[in-house]
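File shown here: run_5.cif, holding mmCIF, C-alpha atoms.
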data_protein
#
loop_
_atom_site.label_atom_id
_atom_site.label_comp_id
_atom_site.auth_asym_id
_atom_site.auth_seq_id
_atom_site.Cartn_x
_atom_site.Cartn_y
_atom_site.Cartn_z
CA MET A 73 93.96 13.18 -22.87
CA ALA A 74 93.25 14.28 -19.30
CA LYS A 75 90.02 16.05 -18.50
CA LYS A 76 90.24 19.49 -16.99
CA ALA A 77 88.86 19.73 -13.49
CA LYS A 78 86.06 22.26 -13.19
CA VAL A 79 86.53 24.81 -10.48
CA VAL A 80 83.19 25.49 -8.82
CA LYS A 81 83.03 28.82 -7.08
CA GLU A 82 80.58 28.79 -4.20
CA LYS A 83 78.32 31.83 -3.97
CA SER A 84 78.58 34.09 -0.98
CA ILE A 85 75.66 34.33 1.42
CA GLU A 86 74.89 37.83 0.13
CA ASP A 87 74.64 36.55 -3.45
CA ARG A 88 72.34 33.74 -2.34
CA ILE A 89 70.09 36.15 -0.46
CA TRP A 90 69.87 38.51 -3.43
CA ASP A 91 69.12 35.60 -5.78
CA SER A 92 66.37 34.41 -3.43
CA ALA A 93 64.91 37.91 -3.18
CA ASN A 94 64.88 38.23 -6.97
CA LYS A 95 63.09 34.88 -7.32
CA LEU A 96 60.50 35.84 -4.70
CA ARG A 97 59.98 39.26 -6.25
CA GLY A 98 59.15 37.70 -9.58
CA ASN A 99 57.96 40.10 -12.26
CA LEU A 100 57.26 43.08 -10.01
CA THR A 101 58.62 46.41 -11.07
CA ALA A 102 60.75 48.40 -8.65
CA SER A 103 57.87 50.78 -7.94
CA GLU A 104 55.60 47.86 -7.01
CA TYR A 105 58.28 46.14 -4.97
CA GLN A 106 58.92 49.25 -2.89
CA ASN A 107 55.52 48.79 -1.22
CA VAL A 108 56.59 45.37 0.04
CA VAL A 109 60.00 46.57 1.18
CA LEU A 110 58.67 49.71 2.88
CA GLY A 111 56.11 47.60 4.74
CA LEU A 112 58.84 45.28 5.99
CA VAL A 113 61.04 48.21 7.02
CA PHE A 114 58.11 49.70 8.93
CA LEU A 115 57.42 46.40 10.70
CA LYS A 116 61.08 46.13 11.67
CA TYR A 117 61.03 49.69 13.04
CA ILE A 118 57.85 49.05 15.07
CA SER A 119 59.27 45.77 16.36
CA ASP A 120 62.49 47.46 17.50
CA CYS A 121 60.53 50.25 19.21
CA PHE A 122 58.36 47.69 20.99
CA GLU A 123 61.40 45.73 22.18
CA LYS A 124 63.04 48.89 23.55
CA LYS A 125 59.87 49.99 25.31
CA MET A 126 59.23 46.52 26.71
CA SER A 127 62.80 46.24 27.94
CA ARG A 128 62.61 49.65 29.61
CA LEU A 129 59.28 48.89 31.26
CA THR A 130 60.46 45.47 32.39
CA SER A 131 63.55 46.97 34.01
CA GLU A 132 61.56 49.79 35.64
CA LEU A 133 58.68 47.64 36.79
CA GLY A 134 60.48 44.30 37.01
CA ASP A 135 59.13 42.97 40.30
CA LEU A 136 55.64 44.36 39.77
CA PHE A 137 55.57 42.98 36.23
CA ALA A 138 56.71 39.52 37.35
CA GLU A 139 54.17 39.51 40.20
CA SER A 140 51.32 40.42 37.84
CA HIS A 141 52.26 37.49 35.59
CA ARG A 142 52.29 35.14 38.59
CA LEU A 143 48.86 36.43 39.66
CA GLU A 144 47.50 36.09 36.13
CA ALA A 145 48.79 32.52 35.88
CA GLY A 146 47.20 31.72 39.25
CA ILE A 147 43.85 33.15 38.16
CA ARG A 148 43.98 31.21 34.89
CA GLU A 149 44.78 28.02 36.79
CA LYS A 150 41.88 28.53 39.21
CA LEU A 151 39.46 29.32 36.37
CA ALA A 152 40.61 26.24 34.46
CA GLY A 153 39.97 24.20 37.61
CA ILE A 154 36.33 25.21 37.63
CA GLY A 155 35.80 24.67 33.92
CA PHE A 156 36.66 28.01 32.30
CA ASN A 157 39.37 28.11 29.64
CA VAL A 158 40.93 31.56 29.38
CA LYS A 159 43.33 32.25 26.53
#

Step by step, read the file and then write its structure as structure tokens.
Amino acid sequence: MAKKAKVVKEKSIEDRIWDSANKLRGNLTASEYQNVVLGLVFLKYISDCFEKKMSRLTSELGDLFAESHRLEAGIREKLAGIGFNVK
């Protein structure tokens, strides 16, 4: 008697992500989990706002911004040369 071949259906990436999220969430209730999710949504929003603002400022002040970084690097290099480490 021939054995039947098992057909293994591979999970989609969305299913894998949801499974991972459920494992990470553990035994939290939905009301407890919302605090985590809302925090992450807020961080994403703030990050996007920062990127937009930084991009706008960089385009508006491009040469001045680049020059200030070159000056800062030069100052750090000179200070390091005389024994000061600036982070």

Around segment 129-136 of chain A, fit a box with edges along x, y and z, padding it by 8 Å on each side, then list its centre and edge lengths in Å to one decimal as lines of an AutoDock Vina configuration file.
center_x = 59.6
center_y = 46.4
center_z = 35.8
size_x = 23.9
size_y = 22.8
size_z = 25.0

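In this model, the gap between atom CA of Ile89 of chain A and atom CA of Asn107 of chain A comes to 19.3 Å.
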
Quick one: pull the distance between atom CA of Val108 of chain A and atom CA of Glu86 of chain A, Å, one decimal.
19.8 Å

Output as an mmCIF file, in the frame of the given file: segment 134-145 of chain A, completed with all heavy atoms.
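After the write, selection_13.cif holds the following:
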data_model
loop_
_atom_site.group_PDB
_atom_site.id
_atom_site.type_symbol
_atom_site.label_atom_id
_atom_site.label_comp_id
_atom_site.auth_asym_id
_atom_site.auth_seq_id
_atom_site.Cartn_x
_atom_site.Cartn_y
_atom_site.Cartn_z
ATOM 1 N N GLY A 134 60.150 45.715 36.994
ATOM 2 C CA GLY A 134 60.480 44.300 37.010
ATOM 3 C C GLY A 134 59.721 43.452 37.993
ATOM 4 O O GLY A 134 59.046 42.500 37.611
ATOM 5 N N ASP A 135 59.780 43.793 39.286
ATOM 6 C CA ASP A 135 59.130 42.970 40.300
ATOM 7 C C ASP A 135 57.605 43.028 40.163
ATOM 8 O O ASP A 135 56.927 42.012 40.268
ATOM 9 C CB ASP A 135 59.536 43.417 41.699
ATOM 10 C CG ASP A 135 60.996 43.113 41.987
ATOM 11 O OD1 ASP A 135 61.553 42.211 41.322
ATOM 12 O OD2 ASP A 135 61.583 43.783 42.857
ATOM 13 N N LEU A 136 57.087 44.212 39.926
ATOM 14 C CA LEU A 136 55.640 44.360 39.770
ATOM 15 C C LEU A 136 55.152 43.592 38.546
ATOM 16 O O LEU A 136 54.121 42.922 38.591
ATOM 17 C CB LEU A 136 55.300 45.848 39.637
ATOM 18 C CG LEU A 136 53.834 46.215 39.539
ATOM 19 C CD1 LEU A 136 53.091 45.762 40.797
ATOM 20 C CD2 LEU A 136 53.690 47.705 39.349
ATOM 21 N N PHE A 137 55.903 43.675 37.467
ATOM 22 C CA PHE A 137 55.570 42.980 36.230
ATOM 23 C C PHE A 137 55.570 41.473 36.444
ATOM 24 O O PHE A 137 54.641 40.773 36.043
ATOM 25 C CB PHE A 137 56.584 43.386 35.151
ATOM 26 C CG PHE A 137 56.245 42.935 33.780
ATOM 27 C CD1 PHE A 137 55.172 43.475 33.101
ATOM 28 C CD2 PHE A 137 57.018 41.974 33.148
ATOM 29 C CE1 PHE A 137 54.861 43.066 31.826
ATOM 30 C CE2 PHE A 137 56.715 41.558 31.872
ATOM 31 C CZ PHE A 137 55.635 42.109 31.208
ATOM 32 N N ALA A 138 56.607 40.963 37.095
ATOM 33 C CA ALA A 138 56.710 39.520 37.350
ATOM 34 C C ALA A 138 55.573 39.064 38.258
ATOM 35 O O ALA A 138 54.980 37.999 38.046
ATOM 36 C CB ALA A 138 58.062 39.192 37.968
ATOM 37 N N GLU A 139 55.247 39.859 39.267
ATOM 38 C CA GLU A 139 54.170 39.510 40.200
ATOM 39 C C GLU A 139 52.830 39.458 39.476
ATOM 40 O O GLU A 139 52.015 38.571 39.717
ATOM 41 C CB GLU A 139 54.121 40.500 41.361
ATOM 42 C CG GLU A 139 53.060 40.209 42.388
ATOM 43 C CD GLU A 139 53.216 38.870 43.101
ATOM 44 O OE1 GLU A 139 54.357 38.367 43.199
ATOM 45 O OE2 GLU A 139 52.203 38.313 43.542
ATOM 46 N N SER A 140 52.593 40.409 38.571
ATOM 47 C CA SER A 140 51.320 40.420 37.840
ATOM 48 C C SER A 140 51.195 39.172 36.973
ATOM 49 O O SER A 140 50.105 38.610 36.842
ATOM 50 C CB SER A 140 51.184 41.680 36.995
ATOM 51 O OG SER A 140 52.059 41.662 35.898
ATOM 52 N N HIS A 141 52.300 38.709 36.387
ATOM 53 C CA HIS A 141 52.260 37.490 35.590
ATOM 54 C C HIS A 141 51.981 36.268 36.469
ATOM 55 O O HIS A 141 51.268 35.359 36.071
ATOM 56 C CB HIS A 141 53.562 37.302 34.808
ATOM 57 C CG HIS A 141 53.594 38.103 33.550
ATOM 58 N ND1 HIS A 141 52.801 37.827 32.472
ATOM 59 C CD2 HIS A 141 54.308 39.197 33.213
ATOM 60 C CE1 HIS A 141 53.017 38.701 31.522
ATOM 61 N NE2 HIS A 141 53.938 39.557 31.939
ATOM 62 N N ARG A 142 52.556 36.252 37.668
ATOM 63 C CA ARG A 142 52.290 35.140 38.590
ATOM 64 C C ARG A 142 50.822 35.145 39.006
ATOM 65 O O ARG A 142 50.171 34.098 39.048
ATOM 66 C CB ARG A 142 53.198 35.242 39.813
ATOM 67 C CG ARG A 142 54.609 34.754 39.570
ATOM 68 C CD ARG A 142 55.365 34.579 40.875
ATOM 69 N NE ARG A 142 55.624 35.853 41.557
ATOM 70 C CZ ARG A 142 56.660 36.634 41.314
ATOM 71 N NH1 ARG A 142 57.566 36.286 40.421
ATOM 72 N NH2 ARG A 142 56.816 37.770 41.979
ATOM 73 N N LEU A 143 50.274 36.334 39.298
ATOM 74 C CA LEU A 143 48.860 36.430 39.660
ATOM 75 C C LEU A 143 47.962 35.998 38.511
ATOM 76 O O LEU A 143 46.985 35.275 38.705
ATOM 77 C CB LEU A 143 48.523 37.853 40.094
ATOM 78 C CG LEU A 143 49.078 38.317 41.433
ATOM 79 C CD1 LEU A 143 48.813 39.801 41.629
ATOM 80 C CD2 LEU A 143 48.467 37.518 42.568
ATOM 81 N N GLU A 144 48.294 36.451 37.304
ATOM 82 C CA GLU A 144 47.500 36.090 36.130
ATOM 83 C C GLU A 144 47.519 34.580 35.913
ATOM 84 O O GLU A 144 46.484 33.974 35.637
ATOM 85 C CB GLU A 144 48.035 36.807 34.887
ATOM 86 C CG GLU A 144 47.224 36.524 33.647
ATOM 87 C CD GLU A 144 47.777 37.227 32.422
ATOM 88 O OE1 GLU A 144 48.608 38.138 32.570
ATOM 89 O OE2 GLU A 144 47.367 36.835 31.318
ATOM 90 N N ALA A 145 48.693 33.970 36.048
ATOM 91 C CA ALA A 145 48.790 32.520 35.880
ATOM 92 C C ALA A 145 47.972 31.803 36.941
ATOM 93 O O ALA A 145 47.304 30.799 36.653
ATOM 94 C CB ALA A 145 50.255 32.091 35.954
#
